[in-house]
$ cat my_file.csv   # CSV, C-alpha atoms
chain,number,residue,atom,x,y,z
A,1,MET,CA,64.8,-125.7,34.4
A,2,SER,CA,65.0,-121.9,34.7
A,3,PHE,CA,61.7,-120.2,34.0
A,4,THR,CA,61.0,-117.0,32.0
A,5,VAL,CA,58.6,-114.2,32.9
A,6,HIS,CA,56.3,-113.6,29.9
A,7,ILE,CA,55.1,-110.0,29.6
A,8,VAL,CA,52.1,-109.1,27.5
A,9,ASP,CA,51.4,-105.4,27.1
A,10,ASP,CA,50.5,-103.2,24.0
A,11,GLU,CA,52.8,-100.4,25.3
A,12,GLU,CA,56.3,-100.9,24.0
A,13,SER,CA,57.8,-98.6,26.6
A,14,LEU,CA,56.3,-100.6,29.4
A,15,ARG,CA,57.5,-103.9,27.9
A,16,ASP,CA,61.0,-102.5,27.5
A,17,SER,CA,61.1,-101.1,31.0
A,18,LEU,CA,59.8,-104.3,32.6
A,19,GLY,CA,62.3,-106.4,30.5
A,20,PHE,CA,65.1,-104.2,31.7
A,21,LEU,CA,63.9,-104.3,35.3
A,22,PHE,CA,63.8,-108.1,35.4
A,23,ALA,CA,67.1,-108.4,33.6
A,24,SER,CA,68.7,-106.3,36.3
A,25,ARG,CA,67.6,-108.9,38.8
A,26,GLY,CA,68.9,-111.8,36.6
A,27,ILE,CA,65.4,-112.9,35.6
A,28,ALA,CA,64.8,-113.9,31.9
A,29,THR,CA,61.8,-112.3,30.2
A,30,ARG,CA,60.1,-112.4,26.9
A,31,THR,CA,57.7,-109.7,25.8
A,32,TRP,CA,54.6,-109.8,23.6
A,33,ALA,CA,52.7,-106.9,22.0
A,34,SER,CA,49.3,-108.7,22.2
A,35,GLY,CA,47.5,-111.6,23.7
A,36,GLU,CA,46.9,-112.9,20.2
A,37,ASP,CA,50.7,-113.1,19.6
A,38,LEU,CA,51.3,-115.1,22.8
A,39,LEU,CA,48.4,-117.5,22.0
A,40,ALA,CA,49.8,-118.2,18.6
A,41,GLU,CA,52.9,-119.7,20.2
A,42,TRP,CA,51.3,-121.3,23.3
A,43,PRO,CA,52.2,-123.5,25.1
A,44,LEU,CA,55.6,-122.2,26.2
A,45,ALA,CA,57.6,-124.7,28.2
A,46,ASP,CA,59.7,-122.0,29.9
A,47,CYS,CA,56.8,-119.9,31.2
A,48,GLY,CA,57.1,-119.4,34.9
A,49,CYS,CA,54.5,-116.7,35.1
A,50,LEU,CA,52.6,-114.2,33.0
A,51,ILE,CA,52.3,-110.5,33.5
A,52,LEU,CA,49.3,-109.3,31.5
A,53,ASP,CA,48.0,-105.8,31.0
A,54,VAL,CA,44.3,-105.7,31.8
A,55,ARG,CA,43.3,-103.3,29.0
A,56,MET,CA,45.0,-103.7,25.6
A,57,GLU,CA,43.9,-103.2,22.1
A,58,GLY,CA,42.4,-106.5,20.8
A,59,MET,CA,42.3,-109.2,23.4
A,60,SER,CA,42.3,-107.9,27.0
A,61,GLY,CA,44.3,-109.5,29.8
A,62,PRO,CA,41.3,-111.3,31.4
A,63,GLN,CA,40.2,-112.5,27.9
A,64,LEU,CA,43.7,-113.9,27.4
A,65,LEU,CA,43.6,-115.7,30.8
A,66,ASP,CA,40.2,-117.2,29.8
A,67,ALA,CA,41.5,-118.3,26.5
A,68,LEU,CA,44.6,-120.0,28.1
A,69,GLN,CA,42.4,-121.7,30.7
A,70,ALA,CA,40.3,-123.1,27.9
A,71,ARG,CA,43.3,-124.7,26.2
A,72,PRO,CA,43.9,-128.4,26.7
A,73,GLU,CA,47.6,-128.2,27.6
A,74,GLY,CA,47.0,-128.2,31.4
A,75,PRO,CA,47.3,-125.7,34.2
A,76,VAL,CA,48.2,-122.1,33.2
A,77,PRO,CA,51.3,-120.6,35.0
A,78,PRO,CA,50.5,-117.9,37.5
A,79,VAL,CA,49.1,-114.7,36.1
A,80,ILE,CA,49.8,-111.2,37.4
A,81,PHE,CA,47.5,-108.5,36.1
A,82,LEU,CA,48.7,-104.9,35.5
A,83,THR,CA,46.2,-102.0,35.3
A,84,GLY,CA,46.4,-98.3,35.1
A,85,HIS,CA,42.9,-98.0,36.4
A,86,ALA,CA,41.8,-98.3,40.0
A,87,ASP,CA,39.2,-101.0,39.2
A,88,VAL,CA,38.6,-103.0,42.4
A,89,PRO,CA,35.7,-105.1,41.0
A,90,LEU,CA,37.9,-106.1,38.1
A,91,ALA,CA,40.7,-107.0,40.5
A,92,VAL,CA,38.3,-109.2,42.5
A,93,GLN,CA,36.9,-110.8,39.4
A,94,SER,CA,40.5,-111.5,38.1
A,95,LEU,CA,41.6,-113.1,41.3
A,96,LYS,CA,38.4,-115.3,41.4
A,97,ALA,CA,39.2,-116.4,37.8
A,98,GLY,CA,42.6,-117.7,39.0
A,99,ALA,CA,45.0,-114.7,38.8
A,100,PHE,CA,47.9,-114.8,41.1
A,101,ASP,CA,47.9,-111.1,41.9
A,102,PHE,CA,46.8,-107.7,40.6
A,103,VAL,CA,49.2,-104.7,40.5
A,104,GLU,CA,48.2,-101.1,39.8
A,105,LYS,CA,50.3,-98.8,37.7
A,106,PRO,CA,52.5,-97.1,38.5
A,107,PHE,CA,54.0,-99.9,40.5
A,108,ASN,CA,57.0,-100.3,42.8
A,109,ASP,CA,59.8,-102.0,40.8
A,110,ASN,CA,61.0,-104.3,43.7
A,111,HIS,CA,57.4,-105.2,44.5
A,112,ILE,CA,56.5,-106.5,41.1
A,113,VAL,CA,59.7,-108.5,40.8
A,114,ASP,CA,59.0,-110.0,44.3
A,115,ILE,CA,55.5,-110.9,43.2
A,116,ALA,CA,56.8,-112.5,40.0
A,117,LEU,CA,59.4,-114.5,42.0
A,118,ALA,CA,56.7,-115.7,44.3
A,119,ALA,CA,54.5,-116.7,41.3
A,120,ILE,CA,57.4,-118.7,39.8
A,121,ALA,CA,58.0,-120.5,43.1
A,122,ALA,CA,54.3,-121.3,43.3
A,123,HIS,CA,54.4,-122.7,39.7
A,124,GLU,CA,57.5,-124.8,40.5
A,125,GLY,CA,55.7,-126.2,43.5
A,126,ARG,CA,52.6,-127.0,41.5
A,127,LEU,CA,54.7,-128.7,38.8
A,128,ALA,CA,56.5,-130.8,41.4
A,129,GLU,CA,53.1,-132.0,42.8
A,130,VAL,CA,51.9,-132.9,39.3
A,131,GLN,CA,55.1,-134.9,38.6
A,132,ALA,CA,54.9,-136.7,42.0
A,133,ARG,CA,51.3,-137.7,41.2
A,134,GLU,CA,52.3,-138.9,37.8
A,135,ALA,CA,55.2,-140.9,39.2
A,136,VAL,CA,52.8,-142.6,41.7
A,137,ALA,CA,50.3,-143.4,39.0
A,138,ALA,CA,53.1,-144.9,36.8
A,139,ARG,CA,54.3,-147.1,39.7
A,140,ARG,CA,50.7,-148.1,40.4
A,141,ALA,CA,50.2,-149.1,36.8
A,142,SER,CA,53.3,-151.4,37.0
A,143,LEU,CA,51.5,-153.6,39.6
A,144,SER,CA,50.0,-156.9,38.5
A,145,ALA,CA,46.2,-157.3,39.0
A,146,ARG,CA,46.9,-159.5,42.1
A,147,GLU,CA,49.4,-157.0,43.5
A,148,ALA,CA,46.8,-154.3,43.1
A,149,GLU,CA,44.3,-156.4,45.0
A,150,VAL,CA,46.8,-157.0,47.8
A,151,MET,CA,47.6,-153.3,48.0
A,152,ALA,CA,44.0,-152.3,48.2
A,153,LEU,CA,43.5,-154.7,51.2
A,154,MET,CA,46.8,-153.6,52.8
A,155,LEU,CA,45.4,-150.0,52.6
A,156,GLU,CA,42.2,-151.2,54.3
A,157,GLY,CA,44.5,-152.2,57.2
A,158,LEU,CA,44.1,-156.0,56.8
A,159,MET,CA,46.9,-158.3,58.1
A,160,ASN,CA,48.6,-160.9,55.8
A,161,LYS,CA,46.5,-163.7,57.3
A,162,GLN,CA,43.2,-161.7,56.6
A,163,ILE,CA,44.3,-160.9,53.1
A,164,ALA,CA,45.2,-164.6,52.4
A,165,GLU,CA,41.7,-165.6,53.6
A,166,ARG,CA,40.0,-162.9,51.6
A,167,LEU,CA,41.8,-163.8,48.4
A,168,GLY,CA,41.9,-167.6,49.0
A,169,ILE,CA,45.7,-167.7,48.7
A,170,ALA,CA,48.6,-168.9,50.9
A,171,MET,CA,49.9,-166.4,53.5
A,172,ARG,CA,53.4,-166.9,52.1
A,173,THR,CA,52.0,-165.7,48.7
A,174,VAL,CA,50.6,-162.6,50.3
A,175,GLU,CA,53.9,-161.9,51.9
A,176,VAL,CA,55.6,-162.1,48.5
A,177,HIS,CA,53.0,-159.8,46.9
A,178,ARG,CA,53.2,-157.4,49.8
A,179,SER,CA,56.9,-157.1,49.4
A,180,ARG,CA,56.6,-156.6,45.7
A,181,VAL,CA,53.9,-153.9,46.2
A,182,LEU,CA,56.2,-151.9,48.6
A,183,ALA,CA,59.2,-152.3,46.2
A,184,LYS,CA,57.3,-151.3,43.1
A,185,MET,CA,55.6,-148.3,44.8
A,186,GLY,CA,58.9,-147.2,46.4
A,187,ALA,CA,57.4,-147.3,49.9
A,188,ARG,CA,59.3,-148.3,53.0
A,189,ASN,CA,56.1,-149.4,54.8
A,190,ILE,CA,52.3,-149.2,54.8
A,191,ALA,CA,52.3,-145.7,56.2
A,192,ASP,CA,54.5,-144.5,53.3
A,193,LEU,CA,52.1,-146.3,50.9
A,194,ALA,CA,49.1,-144.7,52.4
A,195,ARG,CA,50.6,-141.2,52.2
A,196,MET,CA,51.5,-141.6,48.5
A,197,THR,CA,48.2,-143.1,47.5

$ encode --input "my_file.csv" --output "C-alpha cells"
Amino acid sequence: MSFTVHIVDDEESLRDSLGFLFASRGIATRTWASGEDLLAEWPLADCGCLILDVRMEGMSGPQLLDALQARPEGPVPPVIFLTGHADVPLAVQSLKAGAFDFVEKPFNDNHIVDIALAAIAAHEGRLAEVQAREAVAARRASLSAREAEVMALMLEGLMNKQIAERLGIAMRTVEVHRSRVLAKMGARNIADLARMT
C-alpha cells in the first residue's frame, strides 16, 4: 500500500506549497484546513504520517494529536509538528506526547520531505510488527488445548519424555503434538518457536 502524507494547517498558502513540494517528489498528500475536518473523517487507512501546524484557529496541533490518541482505532501514524514560533518547551512537550519530529518555519524543503519519508518508514515498520504479532496470535489460537499445553512445556525446555510424564500421556503422542505445534505455528524448531512467542 502506498501511504499519503496528511497536512493540517489553517493557512491555505502553506497547504498548497507543501502539497506541491511533496508532489514534486512523487509523494501523495491530502490537505486539511483544520483538525476538526480531519477528525470528522478519521480513521484514514492511507495515512502514512501527519504534518500538523502547532497553532491554528480552533483545535491546535497538539490538541489534535491528543484527540487522535484518545480514539479507539489503534496507534496514530507519526506526527510532525510545524511551528512559526521558537517554542522549545512546546517542542519537548510534543515529542514526549508522541510526536515524531518538530520543524520550525521557515523550513528547508528537502529536510521536511526527508523527515516525512522517515516517518512513513517508521509507520510501515510498526504496522509490520503489529501484523506479525496478530499472525502469531491467530496461529496460537488454532492450537488445540493439548497442543497448547505441549507447546508451553516445550518452551520451558522439557524433553518429550518429560512432557509425557508431566501430562500422563505416551511419548509417541507427545511427538505427534510437538510436530503439529511446530507446523501450526510455522516454526522450524523450538528456537523459532521461542522467538515468535

$ closest_residue --input "my_file.csv" --among "A:Val130, A:Arg188, A:Arg139, A:Leu39" --to "Ala70 in chain A" --atoms "all atoms listed in the file"
A:Leu39

$ atom_distance --input "my_file.csv" --atom1 "CA of Leu153 in chain A" --atom2 "CA of Leu167 in chain A"
9.7 Å

$ atom_distance --input "my_file.csv" --atom1 "CA of Val174 in chain A" --atom2 "CA of Val150 in chain A"
7.2 Å

$ atom_distance --input "my_file.csv" --atom1 "CA of Leu50 in chain A" --atom2 "CA of His6 in chain A"
4.9 Å

$ closest_residue --input "my_file.csv" --among "A:Ala187, A:Met59, A:Ala116, A:Val92" --to "Val79 in chain A" --atoms "all atoms listed in the file"
A:Ala116

$ residues_around --input "my_file.csv" --residues "Ile190 in chain A" --least-positions-apart "3" --cutoff "10 Å" --atoms "all atoms listed in the file" --output "ChimeraX atom specification"
/A:151,154-155,157,178,181-182,187,193-196

$ closest_residue --input "my_file.csv" --among "A:Ile169, A:Met185, A:Asp109, A:Pro89" --to "Val136 in chain A" --atoms "only C-alpha atoms"
A:Met185

$ closest_residue --input "my_file.csv" --among "A:Gly168, A:Ile163, A:Ala137, A:Arg146" --to "Thr197 in chain A" --atoms "all atoms listed in the file"
A:Ala137

$ residues_around --input "my_file.csv" --residues "Asn108 in chain A" --least-positions-apart "5" --cutoff "12 Å" --atoms "all atoms listed in the file" --output "list in words"
Leu18, Leu21, Leu82, Val103, Val113, Asp114 and Ile115 of chain A

$ write_last_selection --input "my_file.csv" --atoms "C-alpha atoms" --output "mmCIF file, in the frame of the given file"
data_model
loop_
_atom_site.group_PDB
_atom_site.id
_atom_site.type_symbol
_atom_site.label_atom_id
_atom_site.label_comp_id
_atom_site.auth_asym_id
_atom_site.auth_seq_id
_atom_site.Cartn_x
_atom_site.Cartn_y
_atom_site.Cartn_z
ATOM 1 C CA LEU A 18 59.800 -104.300 32.600
ATOM 2 C CA LEU A 21 63.900 -104.300 35.300
ATOM 3 C CA LEU A 82 48.700 -104.900 35.500
ATOM 4 C CA VAL A 103 49.200 -104.700 40.500
ATOM 5 C CA VAL A 113 59.700 -108.500 40.800
ATOM 6 C CA ASP A 114 59.000 -110.000 44.300
ATOM 7 C CA ILE A 115 55.500 -110.900 43.200
#

$ closest_residue --input "my_file.csv" --among "A:Glu156, A:Asn110, A:Glu41, A:Ala148" --to "Ser24 in chain A" --atoms "only C-alpha atoms"
A:Asn110

$ residues_around --input "my_file.csv" --residues "Asp46 in chain A" --least-positions-apart "5" --cutoff "10 Å" --atoms "only C-alpha atoms" --output "PyMOL selection string"
chain A and resi 1-6+28-29+77

$ closest_residue --input "my_file.csv" --among "A:Ser179, A:Pro78, A:Ser13, A:Gly35" --to "Gly125 in chain A" --atoms "only C-alpha atoms"
A:Pro78

$ residues_near_point --input "my_file.csv" --point "(43.6, -100.5, 26.7)" --cutoff "10 Å" --atoms "only C-alpha atoms" --output "ChimeraX atom specification"
/A:9-11,53-61,83-84

$ decode --input "my_file.csv" --residues "range 143-154 of chain A" --atoms "N, CA, C and O atoms" --output "compact mmCIF listing (two decimals), in the first residue's frame"
# COMPACT_ATOMS: atom_id res chain seq x y z
N LEU A 143 -4.28 -23.78 17.89
CA LEU A 143 -3.82 -24.97 18.62
C LEU A 143 -4.96 -25.54 19.47
O LEU A 143 -5.76 -24.78 20.04
N SER A 144 -4.99 -26.86 19.57
CA SER A 144 -5.94 -27.49 20.50
C SER A 144 -5.44 -27.23 21.92
O SER A 144 -4.29 -26.81 22.12
N ALA A 145 -6.30 -27.50 22.90
CA ALA A 145 -5.91 -27.30 24.30
C ALA A 145 -4.68 -28.13 24.64
O ALA A 145 -3.75 -27.65 25.30
N ARG A 146 -4.63 -29.37 24.18
CA ARG A 146 -3.50 -30.26 24.46
C ARG A 146 -2.23 -29.76 23.77
O ARG A 146 -1.15 -29.76 24.35
N GLU A 147 -2.38 -29.30 22.51
CA GLU A 147 -1.22 -28.76 21.80
C GLU A 147 -0.67 -27.53 22.51
O GLU A 147 0.55 -27.35 22.60
N ALA A 148 -1.56 -26.71 23.03
CA ALA A 148 -1.12 -25.52 23.77
C ALA A 148 -0.35 -25.92 25.03
O ALA A 148 0.66 -25.30 25.38
N GLU A 149 -0.82 -26.98 25.72
CA GLU A 149 -0.11 -27.48 26.90
C GLU A 149 1.28 -27.98 26.52
O GLU A 149 2.27 -27.68 27.19
N VAL A 150 1.34 -28.75 25.43
CA VAL A 150 2.62 -29.30 24.97
C VAL A 150 3.56 -28.15 24.59
O VAL A 150 4.74 -28.15 24.94
N MET A 151 3.04 -27.14 23.89
CA MET A 151 3.88 -26.02 23.49
C MET A 151 4.45 -25.30 24.72
O MET A 151 5.64 -24.95 24.75
N ALA A 152 3.61 -25.08 25.73
CA ALA A 152 4.09 -24.40 26.93
C ALA A 152 5.24 -25.18 27.57
O ALA A 152 6.24 -24.58 28.00
N LEU A 153 5.14 -26.49 27.60
CA LEU A 153 6.19 -27.31 28.20
C LEU A 153 7.43 -27.36 27.30
O LEU A 153 8.56 -27.38 27.80
N MET A 154 7.22 -27.35 25.99
CA MET A 154 8.35 -27.27 25.06
C MET A 154 9.14 -25.99 25.32
O MET A 154 10.37 -25.99 25.36
